[in-house]
Amino acid sequence: MPDIAPLPADWALSAVFMHVDVRGVYDSNGDGIGDLPGLTAKLDHFAQAGIGALLLAGLLPCDFAYAGTMVTDNYSVDPRLGGLADVAALMQAAHARGLAILMVWSPFSTHPDHPAFQASRDPAHPVHAAYADYYLWTDDLNTRLPRRMGHWEWDARRGAYHHCVWLTTDLRWCPEVNLLSPRARAENLNGLRFWLEQGLDGFMLDCAVWGGFTDQAEHVRASREMADLIHSYPNKWVISEGSRSIQDAILTDGYDSFYTHQARSVPILETVFRRPGLGTLVQTFEGMEAHGLHEALYAFYDDPHANQIMNPFELTRPLDFADPADRARLKLAHALHLTLPLIPYTFFPAHLGLTPAYRQDLTRWHPFLMLWDDSPHFGFTRGVPYEPQNVERYPPAAAAASQAQDPDSVLAAFQAVARLRQRRPALQSRHHAGRSYARVPTRNDRDTLAYLRYDPDTGQAVLVAANLAGAPQAMTLGFGRSRRVLEMLGPRRHLTHLAGGGPPELTCAADHQAGLSLPAYAYALYDVD
């Protein structure tokens, strides 16, 4: 393992996670493709913005289809991005800045050019017998698997159907791995071990409910194998992309080492952008009413698993940088995202307000190329970008250099709250939501939102207040209407302004109420002294 300085033991509890496609960050050699040396050169930007962990996609050899997750080799870096020495240099530079580096890992599907699939599909291949069941094969087109995605694709060389979901850039189907196969299970573990030995801080397991499993108990066993290996290395972190049914089975089974850090859905953007004025009640894209922020968090109170990952924060519609209301709403969304009692997980470069991280057409996902400055190709490359640039997504004054010079920018607001989260245990995810979060009632809780974050270890408390409406709001905070709030506050009542809009100081009245006025779509954070 490379000699890399360790991170603090609890690094993930205060970190903001960012999903980063290496190809879209910075091109260091002029070939038009972002690379590992380019990412290393830009680490200061992420550290200064308050990011604590980078989750790298597209690192392994692939044809850049589907965000770089369909790979041809589990043991090397895509040569267009660099090599293992560049990974070591990135790890050393990142840890020196307190940044963790994780990788997206896809154990359940590969590119069709992967050597294992070539051996599996070809009866004349010298190691066919060892790989015959490495993927999902059937002679019966009507064979059903317990999921909604994917289909059976005919392979003439083997004379059978293989299960698949994703397309390559040249319109071939990517085969699905059968993790009931001992060979597939062993090679998956070997690949994880290889990257752990390179010093990576953990993984996001892509499509974690798949792999040919026909019963949940077998999925739990396979998950346990991966978890036991990963956690045999100190201070590693795992995020899984799973499903409710699998998660419920694992909760019932009592095993939590693997799925503890699973994405949870909290409707921040729906609350702030899609239905302004409806407060914590939102309308889903299917037209059905869904529970809002408080209700979603209350649902976690009886869950024995702490430190859940917040569902990826990716903007769902273009942001109009010329519209002050749009900028204010995005700042508000960032403030909620970074202060709710879950570990925040965002897409690069949503912290600048650029949307979305990818665009998808029939065959491929295109990474968003970073806007560093106003030079040609926005400082991403001195060559020609390997992907067409979506000029409509590049509004004036959105580049990182421009926003860094503007104290009222989206980046400045993100940075202020993210760095505050790093310094305040009350805003981190060290404790179960039921012990570290309480709703503060307001008189108009459809247009206003308030909650208390609390750290039981230090007794520190932070109040978050938000105006969800498009007009100024006078808020009355009813501390005395919530027993949980009073328990967290104790005898303290003085509020010291930390960030956002609102008055610099505000003192609670004797009747356990407080008042403040917030501009449209504004927020305010207070230390409770």
# chains A, B, ... in the order shown; residues from 1 in each chain; ligands from 1
call {"tool": "residues_around", "arguments": {"residues": "stretch 118-129 of chain A", "least_positions_apart": "2", "cutoff": "6 Å", "atoms": "only C-alpha atoms", "output": "list in words"}}
result
Pro115, Ala116, Tyr131, Ala132, Arg157 and Arg158 of chain A
call {"tool": "residues_around", "arguments": {"residues": "A:Phe117", "least_positions_apart": "6", "cutoff": "10 Å", "atoms": "only C-alpha atoms", "output": "MDAnalysis selection string"}}
result
chainID A and resid 72 110:111 128 131:135 174:177
call {"tool": "write_last_selection", "arguments": {"atoms": "C-alpha atoms", "output": "compact mmCIF listing (two decimals), in the first residue's frame"}}
result
# COMPACT_ATOMS: atom_id res chain seq x y z
CA THR A 72 -13.19 -3.87 -19.22
CA THR A 110 -19.29 -5.26 -17.06
CA HIS A 111 -18.55 -4.12 -20.58
CA HIS A 128 -14.55 -21.20 -20.63
CA TYR A 131 -16.23 -18.66 -16.44
CA ALA A 132 -19.29 -20.44 -17.83
CA ASP A 133 -21.56 -19.26 -15.00
CA TYR A 134 -19.77 -15.92 -14.39
CA TYR A 135 -22.68 -14.09 -16.06
CA CYS A 174 -23.47 -4.95 -21.25
CA PRO A 175 -23.80 -8.37 -19.58
CA GLU A 176 -24.89 -8.78 -15.97
CA VAL A 177 -22.60 -10.66 -13.59
call {"tool": "residues_around", "arguments": {"residues": "A:Gly52", "least_positions_apart": "5", "cutoff": "12 Å", "atoms": "only C-alpha atoms", "output": "VMD selection string"}}
result
chain A and resid 7 to 8 10 to 19 43 to 47 94 to 102 201 343 to 346 415 418 to 419 421 to 422
call {"tool": "write_last_selection", "arguments": {"atoms": "C-alpha atoms", "output": "JSON list (two decimals), in the first residue's frame"}}
result
[["chain", "number", "residue", "atom", "x", "y", "z"],
["A", 7, "LEU", "CA", -7.52, 10.61, 7.76],
["A", 8, "PRO", "CA", -9.18, 11.18, 11.15],
["A", 10, "ASP", "CA", -14.51, 10.01, 11.98],
["A", 11, "TRP", "CA", -13.77, 11.80, 8.70],
["A", 12, "ALA", "CA", -17.05, 10.79, 7.03],
["A", 13, "LEU", "CA", -19.30, 12.19, 9.76],
["A", 14, "SER", "CA", -18.37, 15.77, 8.97],
["A", 15, "ALA", "CA", -17.75, 15.33, 5.23],
["A", 16, "VAL", "CA", -19.77, 16.57, 2.28],
["A", 17, "PHE", "CA", -19.54, 13.86, -0.39],
["A", 18, "MET", "CA", -19.27, 14.88, -4.03],
["A", 19, "HIS", "CA", -19.73, 12.53, -6.99],
["A", 43, "LEU", "CA", -7.98, 19.65, -5.10],
["A", 44, "ASP", "CA", -7.62, 23.04, -3.43],
["A", 45, "HIS", "CA", -10.88, 24.14, -5.03],
["A", 46, "PHE", "CA", -12.79, 21.24, -3.47],
["A", 47, "ALA", "CA", -11.13, 21.64, -0.07],
["A", 94, "ALA", "CA", -5.99, 14.64, -1.06],
["A", 95, "HIS", "CA", -5.19, 13.33, 2.42],
["A", 96, "ALA", "CA", -2.81, 16.22, 2.97],
["A", 97, "ARG", "CA", -5.87, 18.48, 2.52],
["A", 98, "GLY", "CA", -8.20, 16.31, 4.63],
["A", 99, "LEU", "CA", -10.03, 15.00, 1.54],
["A", 100, "ALA", "CA", -11.12, 11.37, 1.24],
["A", 101, "ILE", "CA", -11.08, 9.60, -2.15],
["A", 102, "LEU", "CA", -13.60, 6.87, -2.93],
["A", 201, "ASP", "CA", -11.00, 5.38, 1.39],
["A", 343, "ILE", "CA", -24.50, 12.96, 5.33],
["A", 344, "PRO", "CA", -24.82, 15.21, 2.24],
["A", 345, "TYR", "CA", -24.02, 13.77, -1.16],
["A", 346, "THR", "CA", -23.96, 16.04, -4.20],
["A", 415, "GLN", "CA", -18.78, 27.24, 0.98],
["A", 418, "ALA", "CA", -20.17, 23.52, 4.20],
["A", 419, "ARG", "CA", -17.22, 24.90, 6.15],
["A", 421, "ARG", "CA", -20.63, 22.11, 9.05],
["A", 422, "GLN", "CA", -17.00, 20.99, 9.29]]
call {"tool": "residues_around", "arguments": {"residues": "A:Leu59", "least_positions_apart": "2", "cutoff": "9 Å", "atoms": "only C-alpha atoms", "output": "ChimeraX atom specification"}}
result
/A:21-23,36,56-57,61-62,68-69,76-78,81,103-104
call {"tool": "atom_distance", "arguments": {"atom1": "atom CA of A:Arg329", "atom2": "atom CA of A:Phe414"}}
result
12.1 Å
call {"tool": "atom_distance", "arguments": {"atom1": "atom CA of A:Arg221", "atom2": "atom CA of A:Met204"}}
result
18.2 Å
call {"tool": "closest_residue", "arguments": {"among": "A:Leu369, A:Ala335, A:Leu171, A:Leu196", "to": "A:Asp27", "atoms": "only C-alpha atoms"}}
result
A:Leu369
call {"tool": "closest_residue", "arguments": {"among": "A:Thr496, A:Asn467, A:Thr143, A:Ser517", "to": "A:Leu449", "atoms": "only C-alpha atoms"}}
result
A:Asn467
call {"tool": "select_by_dssp", "arguments": {"residues": "stretch 54-219 of chain A", "states": "helix (DSSP H, G or I)", "output": "count of residues only"}}
result
48
call {"tool": "residues_around", "arguments": {"residues": "A:Glu153", "least_positions_apart": "4", "cutoff": "10 Å", "atoms": "only C-alpha atoms", "output": "ChimeraX atom specification"}}
result
/A:137-138,141,160-165,172-175
call {"tool": "decode", "arguments": {"residues": "stretch 497-508 of chain A", "atoms": "N, CA, C and O atoms", "output": "mmCIF file, in the first residue's frame"}}
result
data_model
loop_
_atom_site.group_PDB
_atom_site.id
_atom_site.type_symbol
_atom_site.label_atom_id
_atom_site.label_comp_id
_atom_site.auth_asym_id
_atom_site.auth_seq_id
_atom_site.Cartn_x
_atom_site.Cartn_y
_atom_site.Cartn_z
ATOM 1 N N HIS A 497 -25.951 34.785 15.448
ATOM 2 C CA HIS A 497 -26.050 34.571 14.010
ATOM 3 C C HIS A 497 -24.764 33.970 13.459
ATOM 4 O O HIS A 497 -23.659 34.408 13.779
ATOM 5 N N LEU A 498 -24.893 32.946 12.608
ATOM 6 C CA LEU A 498 -23.744 32.289 11.995
ATOM 7 C C LEU A 498 -23.652 32.534 10.500
ATOM 8 O O LEU A 498 -22.587 32.825 9.971
ATOM 9 N N ALA A 499 -24.749 32.357 9.775
ATOM 10 C CA ALA A 499 -24.712 32.470 8.311
ATOM 11 C C ALA A 499 -26.115 32.686 7.788
ATOM 12 O O ALA A 499 -27.101 32.422 8.470
ATOM 13 N N GLY A 500 -26.197 33.160 6.544
ATOM 14 C CA GLY A 500 -27.480 33.361 5.898
ATOM 15 C C GLY A 500 -28.049 34.745 6.179
ATOM 16 O O GLY A 500 -27.369 35.644 6.675
ATOM 17 N N GLY A 501 -29.346 34.910 5.843
ATOM 18 C CA GLY A 501 -30.006 36.197 6.061
ATOM 19 C C GLY A 501 -30.490 36.340 7.485
ATOM 20 O O GLY A 501 -30.218 35.515 8.351
ATOM 21 N N GLY A 502 -31.226 37.399 7.759
ATOM 22 C CA GLY A 502 -31.757 37.609 9.097
ATOM 23 C C GLY A 502 -30.901 38.537 9.926
ATOM 24 O O GLY A 502 -29.809 38.942 9.528
ATOM 25 N N PRO A 503 -31.360 38.901 11.113
ATOM 26 C CA PRO A 503 -30.619 39.821 11.976
ATOM 27 C C PRO A 503 -29.374 39.149 12.535
ATOM 28 O O PRO A 503 -29.324 37.932 12.673
ATOM 29 N N PRO A 504 -28.329 39.926 12.855
ATOM 30 C CA PRO A 504 -27.103 39.314 13.373
ATOM 31 C C PRO A 504 -27.302 38.646 14.727
ATOM 32 O O PRO A 504 -26.623 37.683 15.044
ATOM 33 N N GLU A 505 -28.207 39.142 15.580
ATOM 34 C CA GLU A 505 -28.481 38.506 16.856
ATOM 35 C C GLU A 505 -29.981 38.535 17.115
ATOM 36 O O GLU A 505 -30.705 39.419 16.650
ATOM 37 N N LEU A 506 -30.430 37.563 17.909
ATOM 38 C CA LEU A 506 -31.844 37.493 18.237
ATOM 39 C C LEU A 506 -31.947 36.777 19.568
ATOM 40 O O LEU A 506 -31.365 35.711 19.769
ATOM 41 N N THR A 507 -32.683 37.372 20.514
ATOM 42 C CA THR A 507 -32.828 36.786 21.838
ATOM 43 C C THR A 507 -34.246 36.267 22.007
ATOM 44 O O THR A 507 -35.217 36.965 21.708
ATOM 45 N N CYS A 508 -34.360 35.031 22.496
ATOM 46 C CA CYS A 508 -35.682 34.437 22.690
ATOM 47 C C CYS A 508 -36.407 35.116 23.843
ATOM 48 O O CYS A 508 -35.797 35.516 24.840
#
